[in-house]
Structure formats: C-alpha cells, structure tokens
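Shown below: data06.txt, with compact mmCIF, C-alpha atoms.
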# COMPACT_ATOMS: atom_id res chain seq x y z
CA MET C 1 -31.29 -28.41 19.59
CA SER C 2 -28.94 -27.10 16.89
CA ARG C 3 -27.52 -29.30 14.12
CA ARG C 4 -24.29 -28.43 12.29
CA GLN C 5 -22.99 -29.13 8.77
CA GLU C 6 -19.59 -27.92 7.61
CA LEU C 7 -17.62 -27.33 4.42
CA VAL C 8 -14.03 -26.17 4.06
CA LEU C 9 -12.83 -24.69 0.77
CA PHE C 10 -9.07 -25.22 0.89
CA CYS C 11 -7.03 -22.64 -1.04
CA ALA C 12 -10.30 -21.19 -2.25
CA ALA C 13 -10.29 -19.38 -5.57
CA PRO C 14 -13.14 -17.51 -7.26
CA ASP C 15 -14.10 -20.51 -9.37
CA LEU C 16 -14.89 -22.44 -6.18
CA VAL C 17 -17.62 -20.11 -4.99
CA LEU C 18 -20.22 -22.08 -6.91
CA GLU C 19 -19.24 -25.09 -4.82
CA ALA C 20 -20.20 -23.00 -1.79
CA LEU C 21 -23.52 -22.20 -3.44
CA ARG C 22 -24.29 -25.84 -4.19
CA TRP C 23 -23.31 -26.88 -0.67
CA THR C 24 -25.50 -24.16 0.84
CA GLU C 25 -28.56 -25.14 -1.14
CA SER C 26 -28.04 -28.85 -0.43
CA ALA C 27 -27.41 -28.30 3.27
CA CYS C 28 -30.51 -26.09 3.51
CA ALA C 29 -32.55 -28.76 1.73
CA ARG C 30 -31.38 -31.36 4.25
CA GLU C 31 -32.59 -29.01 6.98
CA GLY C 32 -35.97 -28.60 5.34
CA LEU C 33 -35.58 -24.89 4.50
CA ASP C 34 -37.77 -24.11 1.51
CA ALA C 35 -36.03 -23.76 -1.85
CA GLY C 36 -36.72 -20.05 -2.25
CA ARG C 37 -35.17 -19.18 1.09
CA ALA C 38 -32.26 -21.51 0.40
CA ARG C 39 -31.57 -19.66 -2.86
CA GLU C 40 -31.66 -16.31 -1.10
CA LEU C 41 -29.24 -17.62 1.49
CA GLY C 42 -27.07 -19.01 -1.31
CA ALA C 43 -26.89 -15.58 -2.95
CA ALA C 44 -25.72 -14.10 0.36
CA VAL C 45 -23.16 -16.88 0.89
CA ILE C 46 -21.62 -16.21 -2.52
CA GLU C 47 -21.19 -12.54 -1.64
CA ALA C 48 -19.64 -13.40 1.73
CA VAL C 49 -17.19 -15.87 0.15
CA ASN C 50 -16.36 -13.29 -2.53
CA ASN C 51 -15.59 -10.80 0.25
CA SER C 52 -13.25 -13.31 1.90
CA LEU C 53 -11.40 -13.82 -1.37
CA GLU C 54 -11.32 -10.16 -2.43
CA HIS C 55 -10.77 -8.43 0.90
CA GLY C 56 -9.56 -11.10 3.30
CA TYR C 57 -7.02 -12.76 1.00
CA ALA C 58 -6.65 -10.03 -1.66
CA MET C 59 -7.43 -12.62 -4.37
CA THR C 60 -4.64 -15.00 -3.30
CA PRO C 61 -5.65 -18.58 -2.42
CA GLY C 62 -6.79 -19.02 1.16
CA ASP C 63 -8.98 -21.35 3.19
CA VAL C 64 -12.62 -20.42 3.70
CA SER C 65 -14.83 -22.49 5.96
CA LEU C 66 -18.60 -22.59 6.04
CA ALA C 67 -20.74 -23.91 8.88
CA LEU C 68 -24.50 -24.27 8.86
CA ASP C 69 -26.35 -24.45 12.16
CA ALA C 70 -30.07 -25.06 12.17
CA ASP C 71 -32.80 -25.27 14.73
CA ALA C 72 -36.56 -25.16 14.63
CA ASP C 73 -36.72 -21.44 13.93
CA ARG C 74 -33.78 -20.50 11.77
CA VAL C 75 -30.74 -21.45 9.71
CA VAL C 76 -27.43 -19.75 10.45
CA ILE C 77 -24.42 -19.91 8.12
CA THR C 78 -21.04 -18.72 9.33
CA ILE C 79 -18.31 -17.99 6.77
CA THR C 80 -14.81 -17.79 8.23
CA ASP C 81 -11.51 -16.74 6.69
CA ARG C 82 -8.06 -16.12 8.15
CA GLY C 83 -7.01 -13.42 5.73
CA SER C 84 -5.41 -10.19 6.83
CA GLY C 85 -7.71 -7.78 5.02
CA LEU C 86 -10.74 -6.21 6.61
CA PRO C 87 -14.22 -6.93 5.27
CA PRO C 88 -16.11 -4.11 3.56
CA ARG C 89 -18.29 -1.96 5.76
CA PRO C 90 -21.94 -2.96 5.92
CA VAL C 91 -24.19 -0.96 3.63
CA HIS C 92 -27.32 0.24 5.39
CA ALA C 93 -28.95 2.04 2.47
CA ASP C 94 -29.78 0.93 -1.05
CA PRO C 95 -26.66 1.89 -3.05
CA GLY C 96 -28.85 2.42 -6.13
CA PRO C 97 -28.61 0.91 -9.59
CA LEU C 98 -25.64 3.04 -10.68
CA ALA C 99 -23.39 2.19 -7.73
CA GLU C 100 -20.08 0.54 -8.58
CA ARG C 101 -19.52 -0.58 -4.96
CA GLY C 102 -21.63 -1.80 -2.08
CA ARG C 103 -23.91 -4.00 -4.12
CA GLY C 104 -22.66 -7.24 -2.52
CA SER C 105 -23.28 -6.04 1.02
CA TRP C 106 -26.71 -4.84 0.01
CA ILE C 107 -27.57 -8.22 -1.49
CA MET C 108 -26.45 -9.98 1.70
CA GLN C 109 -28.59 -7.74 3.88
CA GLN C 110 -31.65 -8.01 1.67
CA ALA C 111 -31.37 -11.79 1.32
CA CYS C 112 -30.95 -12.45 5.06
CA ASP C 113 -32.81 -11.56 8.21
CA GLU C 114 -29.58 -10.68 9.98
CA VAL C 115 -25.96 -10.18 8.90
CA ARG C 116 -23.14 -9.88 11.43
CA HIS C 117 -19.43 -9.24 10.84
CA GLU C 118 -17.14 -10.55 13.57
CA ILE C 119 -13.47 -9.61 13.45
CA GLY C 120 -11.29 -11.75 15.71
CA ALA C 121 -7.59 -11.87 16.40
CA ASP C 122 -6.93 -14.68 13.94
CA ALA C 123 -10.10 -14.97 11.87
CA GLN C 124 -12.95 -12.99 10.41
CA ARG C 125 -16.49 -14.25 10.31
CA VAL C 126 -19.66 -13.29 8.55
CA VAL C 127 -22.79 -14.69 10.16
CA LEU C 128 -25.88 -14.96 7.97
CA VAL C 129 -29.20 -15.65 9.68
CA LYS C 130 -32.29 -16.80 7.83
CA HIS C 131 -35.58 -17.44 9.58
CA ARG C 132 -37.66 -20.37 8.41
CA ALA C 133 -40.72 -18.14 8.03
CA ASP C 134 -40.75 -14.45 7.17
CA PRO C 135 -43.36 -13.45 4.60
CA GLU C 136 -42.13 -9.87 4.29
CA ARG C 137 -38.76 -10.75 2.73
CA PHE C 138 -38.06 -10.66 -1.02
CA THR C 139 -41.55 -9.77 -2.05
CA ASN C 140 -40.24 -8.30 -5.31
CA GLY C 141 -38.47 -11.45 -6.54
CA ASP C 142 -38.98 -15.02 -5.44
CA MET C 143 -35.56 -16.27 -6.73
CA SER C 144 -37.26 -19.61 -7.43
CA MET J 1 -14.83 -18.05 -26.01
CA THR J 2 -17.37 -17.31 -23.31
CA ILE J 3 -19.68 -15.05 -25.28
CA GLU J 4 -21.26 -15.64 -28.68
CA PHE J 5 -22.20 -12.58 -30.73
CA GLU J 6 -24.92 -12.47 -33.39
CA THR J 7 -25.62 -9.49 -35.64
CA ARG J 8 -29.11 -7.98 -35.90
CA GLY J 9 -28.80 -5.03 -38.26
CA ILE J 10 -26.86 -2.32 -36.42
CA ALA J 11 -27.28 -4.19 -33.13
CA GLU J 12 -25.65 -7.31 -31.77
CA ILE J 13 -26.90 -9.96 -29.43
CA ALA J 14 -24.36 -11.27 -26.93
CA ARG J 15 -25.18 -14.74 -25.63
CA MET J 16 -23.79 -14.69 -22.11
CA PRO J 17 -22.11 -17.66 -20.36
CA ALA J 18 -23.69 -19.95 -17.75
CA THR J 19 -22.36 -17.97 -14.81
CA LEU J 20 -21.60 -14.31 -14.29
CA VAL J 21 -19.62 -14.26 -11.07
CA LEU J 22 -16.37 -13.02 -9.58
CA ALA J 23 -14.39 -15.71 -11.40
CA ASN J 24 -15.33 -14.51 -14.88
CA ALA J 25 -16.94 -11.08 -14.48
CA ALA J 26 -13.80 -9.17 -15.47
CA SER J 27 -13.17 -11.24 -18.61
CA VAL J 28 -16.81 -10.98 -19.68
CA ARG J 29 -16.76 -7.21 -19.10
CA ASN J 30 -13.52 -6.84 -21.04
CA GLU J 31 -14.80 -8.88 -23.99
CA ILE J 32 -17.91 -6.75 -24.27
CA GLN J 33 -16.01 -3.52 -23.71
CA GLU J 34 -13.74 -4.44 -26.62
CA ARG J 35 -16.80 -4.98 -28.76
CA ILE J 36 -18.15 -1.57 -27.77
CA ALA J 37 -14.79 0.09 -28.38
CA SER J 38 -14.72 -1.42 -31.87
CA GLY J 39 -18.00 0.30 -32.71
CA THR J 40 -20.79 -2.02 -31.58
CA SER J 41 -22.53 0.02 -28.93
CA ARG J 42 -26.08 -1.26 -29.43
CA LEU J 43 -26.10 -4.54 -27.56
CA VAL J 44 -28.64 -7.02 -26.26
CA LEU J 45 -27.17 -9.13 -23.47
CA ASP J 46 -28.94 -12.49 -23.65
CA LEU J 47 -29.03 -13.86 -20.08
CA ALA J 48 -31.05 -16.99 -20.87
CA ARG J 49 -28.10 -19.28 -20.18
CA VAL J 50 -26.96 -17.52 -17.01
CA GLU J 51 -27.86 -19.80 -14.14
CA PHE J 52 -26.21 -17.66 -11.51
CA ALA J 53 -24.91 -14.11 -11.19
CA ASP J 54 -23.47 -12.24 -8.25
CA SER J 55 -22.73 -8.59 -7.50
CA SER J 56 -19.54 -8.78 -9.59
CA GLY J 57 -21.57 -9.92 -12.58
CA LEU J 58 -24.14 -7.18 -12.14
CA THR J 59 -21.37 -4.60 -11.84
CA ALA J 60 -19.87 -5.91 -15.10
CA ILE J 61 -23.24 -5.42 -16.80
CA LEU J 62 -23.53 -1.89 -15.41
CA SER J 63 -20.05 -1.09 -16.68
CA CYS J 64 -21.06 -2.22 -20.18
CA VAL J 65 -24.25 -0.13 -20.03
CA ASN J 66 -22.25 2.96 -19.13
CA SER J 67 -19.66 2.34 -21.85
CA ALA J 68 -22.29 1.78 -24.53
CA ARG J 69 -24.11 4.96 -23.58
CA ARG J 70 -20.90 6.97 -23.69
CA GLN J 71 -20.57 5.77 -27.28
CA GLY J 72 -24.14 6.86 -28.07
CA GLY J 73 -25.49 3.31 -27.85
CA GLU J 74 -27.69 1.30 -25.53
CA VAL J 75 -27.86 -2.07 -23.79
CA ALA J 76 -30.93 -4.21 -23.08
CA LEU J 77 -31.15 -7.39 -21.02
CA LEU J 78 -32.92 -10.41 -22.48
CA SER J 79 -34.57 -13.37 -20.72
CA PRO J 80 -32.91 -13.54 -17.31
CA MET J 81 -33.65 -16.74 -15.39
CA PRO J 82 -35.69 -16.19 -12.19
CA ARG J 83 -32.69 -16.28 -9.89
CA VAL J 84 -30.85 -13.66 -11.95
CA ARG J 85 -33.97 -11.57 -12.46
CA ALA J 86 -34.48 -11.43 -8.69
CA LEU J 87 -30.99 -9.99 -8.28
CA ILE J 88 -31.59 -7.48 -11.09
CA GLU J 89 -34.78 -6.32 -9.40
CA LEU J 90 -33.23 -6.27 -5.94
CA THR J 91 -30.44 -4.00 -7.13
CA ARG J 92 -32.87 -1.97 -9.33
CA LEU J 93 -30.82 -2.47 -12.46
CA ASP J 94 -34.18 -2.76 -14.22
CA ASP J 95 -34.79 0.91 -13.40
CA ILE J 96 -32.08 1.98 -15.84
CA VAL J 97 -32.09 -0.70 -18.57
CA THR J 98 -34.79 -2.54 -20.49
CA VAL J 99 -35.32 -6.11 -19.28
CA THR J 100 -37.56 -8.21 -21.52
CA GLU J 101 -38.34 -11.74 -22.66
CA ASP J 102 -38.90 -10.53 -26.22
CA GLU J 103 -35.77 -10.57 -28.39
CA ALA J 104 -37.29 -8.40 -31.12
CA LEU J 105 -38.36 -5.80 -28.56
CA ALA J 106 -34.90 -5.82 -26.97
CA VAL J 107 -33.28 -5.21 -30.35
CA ALA J 108 -35.79 -2.46 -31.16
CA ARG J 109 -35.04 -0.71 -27.87
CA VAL J 110 -31.29 -0.59 -28.38
CA VAL J 111 -31.63 0.41 -32.04
CA SER J 112 -34.17 3.15 -31.41
CA ARG J 113 -32.20 4.99 -28.74
CA VAL J 114 -31.02 8.26 -30.19
CA ALA J 115 -27.44 9.16 -29.43
CA ALA J 116 -27.19 11.98 -26.89

Mind converting the file's structure to structure tokens?
Amino acid sequence: MSRRQELVLFCAAPDLVLEALRWTESACAREGLDAGRARELGAAVIEAVNNSLEHGYAMTPGDVSLALDADADRVVITITDRGSGLPPRPVHADPGPLAERGRGSWIMQQACDEVRHEIGADAQRVVLVKHRADPERFTNGDMS
Amino acid sequence: MTIEFETRGIAEIARMPATLVLANAASVRNEIQERIASGTSRLVLDLARVEFADSSGLTAILSCVNSARRQGGEVALLSPMPRVRALIELTRLDDIVTVTEDEALAVARVVSRVAA
C-alpha cells in the first residue's frame, strides 16, 4: 500500500531549492529509506526543481509541487510545474567533464533507478524512482 | 561577500560559500572570473564549507577552470565534503582538475603548472 507526502513551493525561486532538498531527505527518512539513498534522491530532486525554474518558468516565480509515494520496494518522487517551457531532453550518455550542458540530467539519471518526463496539457512532471535496495548504484561515491 | 580570498605566494585560495547551487552559481562564477581577469589565475577553490552543490555549481567551477587555463593558470579543488565529492566524481570533474585534502599540495599544483 502506497503512502504519500507532499510539499508545494509557492512562487518558487532558486533560493528555495534547498527547502526541497531538506524536505526530500526528511520525507525519505520518515519512510525508512537509508540516508545514502535519500541523499542521492535529494541531488536528483534539486536538478528537477532547477529544471522547472529554468525551463518551465524561465526563472520567473512559479509554483512547484513535490509528492513522495512509498511502498515496500521503492520511493517515488514526482515534481510538477505548470510552466510553459519544455524540460531539457534526457541525456543518455555521460556528457563528460568538459560539458557545459546536460550535467543536471546526467546526475538525475545516475542518482535514480528510473527517471520519467511526463508532459501534460497543463502541467509537466518529472518522476524519480529510487529502489530501496540496489547495490550496483553509486559505487564510486557514497554521498554519505 | 560570499567568497574569501587568501594569498599564498603567486596563488590564491578562495574559500567557497556554504552552497554552490543555481541561486548563487552565477555570482560565485562572476566573482572568481573577475579575480582571474585581474591577474590571479592560479587558484585553489576551498570547498570545505560547501554543504551542497548542484550541476549549476559544478558548471561554475568548470567555467573558472577554463578561464584560468586560458590565462596560463590552473585551478585545484580542496577538501570537498562527501556529498560534493560524490558529484565531482560522478561528473568526472576530478579527471581534469586536482582534487585533494592537502592545502599545500593544492597550492603546489596550481603554482607548478607551466603556462601553455
């Protein structure tokens, strides 16, 4: 059975993204996700919220909502904005250390088990999925 | 002021702020770029106080590395906290710049680089 926690950042601005990070880590802790995985998920959430502000709202204030759904196997965070801009395309290959763009998408994909972009008529969503156990992820840095 | 600069011979150490994210990445980049433009191109970016960075922050660092090298200088990264270090390693920034816990070594690296 899934449990849901929600946060709405009204008129979100870049200085509020850390609030999203703190909420993510706290909500994950309440769901019993280990701290390392919660930090990875937090890093992905920051990039998704940044995308909403940069691309969805073109750096003008706009509402961004976060919802965390958890069950026995995984934690899913959905970030929703109602901006008019399109999200950046997913990056499927390592952009490399010299890349000026694409680093945020790469971080999201490396920090999560699944990333989905859903573009609706009146809202855009990024869905971040993190399994509760996956020993093959982030073997090069524990983010603890 | 978000960054504190300390002189070490011909190099400078820049003590970075507590976060390096979208909200402040541009101002941090600009402040360091101004320093580089004024002639200080051998820089150690001290990340010991940076609790969180995102892709914007890492891009700002990369921009400073490129600017310093164009001026014949070099940048090294000092003492990133584990969360920031994980991002540096994930994005392979450590493939192109020195990352160390040793301040003296960091200074030596940026001083010893010979201008191209």

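Look at C:Glu6: the protein and nucleic acid residues within 10 Å of it, using all atoms listed in the file and passing over chain neighbours fewer than 6 places away, are Trp23, Thr24, Ala27, Ser65, Leu66, Ala67, Leu68, Asp69, Ile77 and Thr78 of chain C.
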
Can I get the selection written as a CSV table (one decimal), in the coordinates of the input, with C-alpha atoms?
chain,number,residue,atom,x,y,z
C,23,TRP,CA,-23.3,-26.9,-0.7
C,24,THR,CA,-25.5,-24.2,0.8
C,27,ALA,CA,-27.4,-28.3,3.3
C,65,SER,CA,-14.8,-22.5,6.0
C,66,LEU,CA,-18.6,-22.6,6.0
C,67,ALA,CA,-20.7,-23.9,8.9
C,68,LEU,CA,-24.5,-24.3,8.9
C,69,ASP,CA,-26.4,-24.4,12.2
C,77,ILE,CA,-24.4,-19.9,8.1
C,78,THR,CA,-21.0,-18.7,9.3

Fill in: Given all atoms listed in the file as the counted atoms, nearest of C:Ser26, C:Thr60, C:Gln110, C:Ser2 to chain J
C:Gln110

Item to complete: Please determine the residues with any atom at most 9 Å from (-29.9, -2.7, -12.5) (coordinates as given in the file, with all atoms listed in the file counting) and report them as a list in words.
Response: Gly96, Pro97 and Leu98 of chain C; Leu58, Thr59, Ile61, Leu62, Leu87, Ile88, Glu89, Leu90, Thr91, Arg92, Leu93, Asp94, Asp95, Ile96 and Val97 of chain J

Item to complete: Considering all atoms listed in the file, return as an MDAnalysis selection string whatever protein or nucleic-acid residues lie within 10 Å of C:Ser84, sequence-local ones (same chain, fewer than 5 positions apart) excluded.
Response: chainID C and resid 52 55:58 121:124

For the residues in the current selection, export C-alpha atoms as a PDB file, keeping the file's coordinate frame.
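Once everything was written out, this is part11.pdb:
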ATOM      1  CA  SER C  52     -13.250 -13.310   1.900  1.00  0.00           C
ATOM      2  CA  HIS C  55     -10.770  -8.430   0.900  1.00  0.00           C
ATOM      3  CA  GLY C  56      -9.560 -11.100   3.300  1.00  0.00           C
ATOM      4  CA  TYR C  57      -7.020 -12.760   1.000  1.00  0.00           C
ATOM      5  CA  ALA C  58      -6.650 -10.030  -1.660  1.00  0.00           C
ATOM      6  CA  ALA C 121      -7.590 -11.870  16.400  1.00  0.00           C
ATOM      7  CA  ASP C 122      -6.930 -14.680  13.940  1.00  0.00           C
ATOM      8  CA  ALA C 123     -10.100 -14.970  11.870  1.00  0.00           C
ATOM      9  CA  GLN C 124     -12.950 -12.990  10.410  1.00  0.00           C
TER      10      GLN C 124
END

Worksheet item: Can you tell me, as number ranges by chain, what residues are no more than 7 Å from C:Glu25 when counting only C-alpha atoms, ignoring any on the same chain fewer than 6 positions away?
Response: C: 38-39, 42

Box in all listed atoms of stretch 107-113 of chain J, axis-aligned, with 8 Å more on each side; write out centre and edge lengths in Å to one decimal as JSON.
{"center_x": -33.5, "center_y": -0.1, "center_z": -30.0, "size_x": 20.5, "size_y": 26.2, "size_z": 20.2}

Worksheet entry | Proximity to chain J - best of C:Val126, C:Ile46, C:Ala93, C:Ala133, all atoms listed in the file |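 Of C:Val126, C:Ile46, C:Ala93, C:Ala133, the one nearest chain J is C:Ile46, counting all atoms listed in the file.
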
Item to complete: Find, counting only C-alpha atoms, the residue in J:Ala104, J:Val21, J:Ile10, J:Val110 that gets nearest to J:Ala53.
Response: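 Of J:Ala104, J:Val21, J:Ile10, J:Val110, the one nearest J:Ala53, counting only C-alpha atoms, is J:Val21.
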
Worksheet item: Suppose you want the space between atom CA of J:Val99 and atom CA of J:Ser79; what is it in Å?
Response: 7.4 Å

Discussion item. Counting all atoms listed in the file, which residue out of C:Gln109, C:Thr80, C:Asn50, C:Gln5 sits closest to chain J?
Written reply: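 For chain J, the nearest of the given residues is C:Asn50.
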
Fill in: Straight-line distance linking atom CA of C:Gly85 with atom CA of C:Phe10, stated in Å to one decimal
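Taking atom CA of C:Gly85 as the start and atom CA of C:Phe10 as the end point, the length is 18.0 Å.
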
With all atoms listed in the file considered, list every residue of chain C at most 9 Å from chain J, as an mmCIF file with C-alpha atoms, keeping the file's coordinate frame.
data_model
loop_
_atom_site.group_PDB
_atom_site.id
_atom_site.type_symbol
_atom_site.label_atom_id
_atom_site.label_comp_id
_atom_site.auth_asym_id
_atom_site.auth_seq_id
_atom_site.Cartn_x
_atom_site.Cartn_y
_atom_site.Cartn_z
ATOM 1 C CA ALA C 13 -10.290 -19.380 -5.570
ATOM 2 C CA PRO C 14 -13.140 -17.510 -7.260
ATOM 3 C CA ASP C 15 -14.100 -20.510 -9.370
ATOM 4 C CA LEU C 16 -14.890 -22.440 -6.180
ATOM 5 C CA VAL C 17 -17.620 -20.110 -4.990
ATOM 6 C CA LEU C 18 -20.220 -22.080 -6.910
ATOM 7 C CA ARG C 39 -31.570 -19.660 -2.860
ATOM 8 C CA GLU C 40 -31.660 -16.310 -1.100
ATOM 9 C CA ALA C 43 -26.890 -15.580 -2.950
ATOM 10 C CA ILE C 46 -21.620 -16.210 -2.520
ATOM 11 C CA GLU C 47 -21.190 -12.540 -1.640
ATOM 12 C CA ASN C 50 -16.360 -13.290 -2.530
ATOM 13 C CA ASP C 94 -29.780 0.930 -1.050
ATOM 14 C CA PRO C 95 -26.660 1.890 -3.050
ATOM 15 C CA GLY C 96 -28.850 2.420 -6.130
ATOM 16 C CA PRO C 97 -28.610 0.910 -9.590
ATOM 17 C CA LEU C 98 -25.640 3.040 -10.680
ATOM 18 C CA ALA C 99 -23.390 2.190 -7.730
ATOM 19 C CA GLU C 100 -20.080 0.540 -8.580
ATOM 20 C CA ARG C 101 -19.520 -0.580 -4.960
ATOM 21 C CA GLY C 102 -21.630 -1.800 -2.080
ATOM 22 C CA ARG C 103 -23.910 -4.000 -4.120
ATOM 23 C CA GLY C 104 -22.660 -7.240 -2.520
ATOM 24 C CA SER C 105 -23.280 -6.040 1.020
ATOM 25 C CA TRP C 106 -26.710 -4.840 0.010
ATOM 26 C CA ILE C 107 -27.570 -8.220 -1.490
ATOM 27 C CA GLN C 110 -31.650 -8.010 1.670
ATOM 28 C CA PHE C 138 -38.060 -10.660 -1.020
ATOM 29 C CA ASN C 140 -40.240 -8.300 -5.310
ATOM 30 C CA GLY C 141 -38.470 -11.450 -6.540
ATOM 31 C CA ASP C 142 -38.980 -15.020 -5.440
ATOM 32 C CA MET C 143 -35.560 -16.270 -6.730
ATOM 33 C CA SER C 144 -37.260 -19.610 -7.430
#

Worksheet item: Using only C-alpha atoms, which of J:Glu31, J:Arg109, J:Arg15, J:Ser38 sits nearest J:Pro80?
Response: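 Using only C-alpha atoms, J:Pro80 sits closest to J:Arg15.
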
Fill in: Top pick for closest residue to C:Val49, considering C:Val91, C:Ala72, C:Val64, C:Glu31 and counting only C-alpha atoms
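Looking only at the distances to C:Val49, the closest residue turns out to be C:Val64.
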
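Using all atoms listed in the file, the contacts of J:Gly39 at a cut-off of 12 Å, with sequence neighbours closer than 5 positions omitted, comprise J:Ile10, J:Ala11, J:Glu12, J:Ile32, J:Gln33, J:Glu34, J:Ser67, J:Ala68, J:Arg69, J:Arg70, J:Gln71, J:Gly72, J:Gly73.
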
Worksheet item: What does the distance from atom CA of J:Ile13 to atom CA of J:Leu43 come to in Å, to one decimal?
Response: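 These two atoms are separated by 5.8 Å.
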
Worksheet entry | 9 Å contact set for C:His117, only C-alpha atoms, chain neighbours under 5 positions out, as a ChimeraX atom specification | /C:87,89-90,124-127
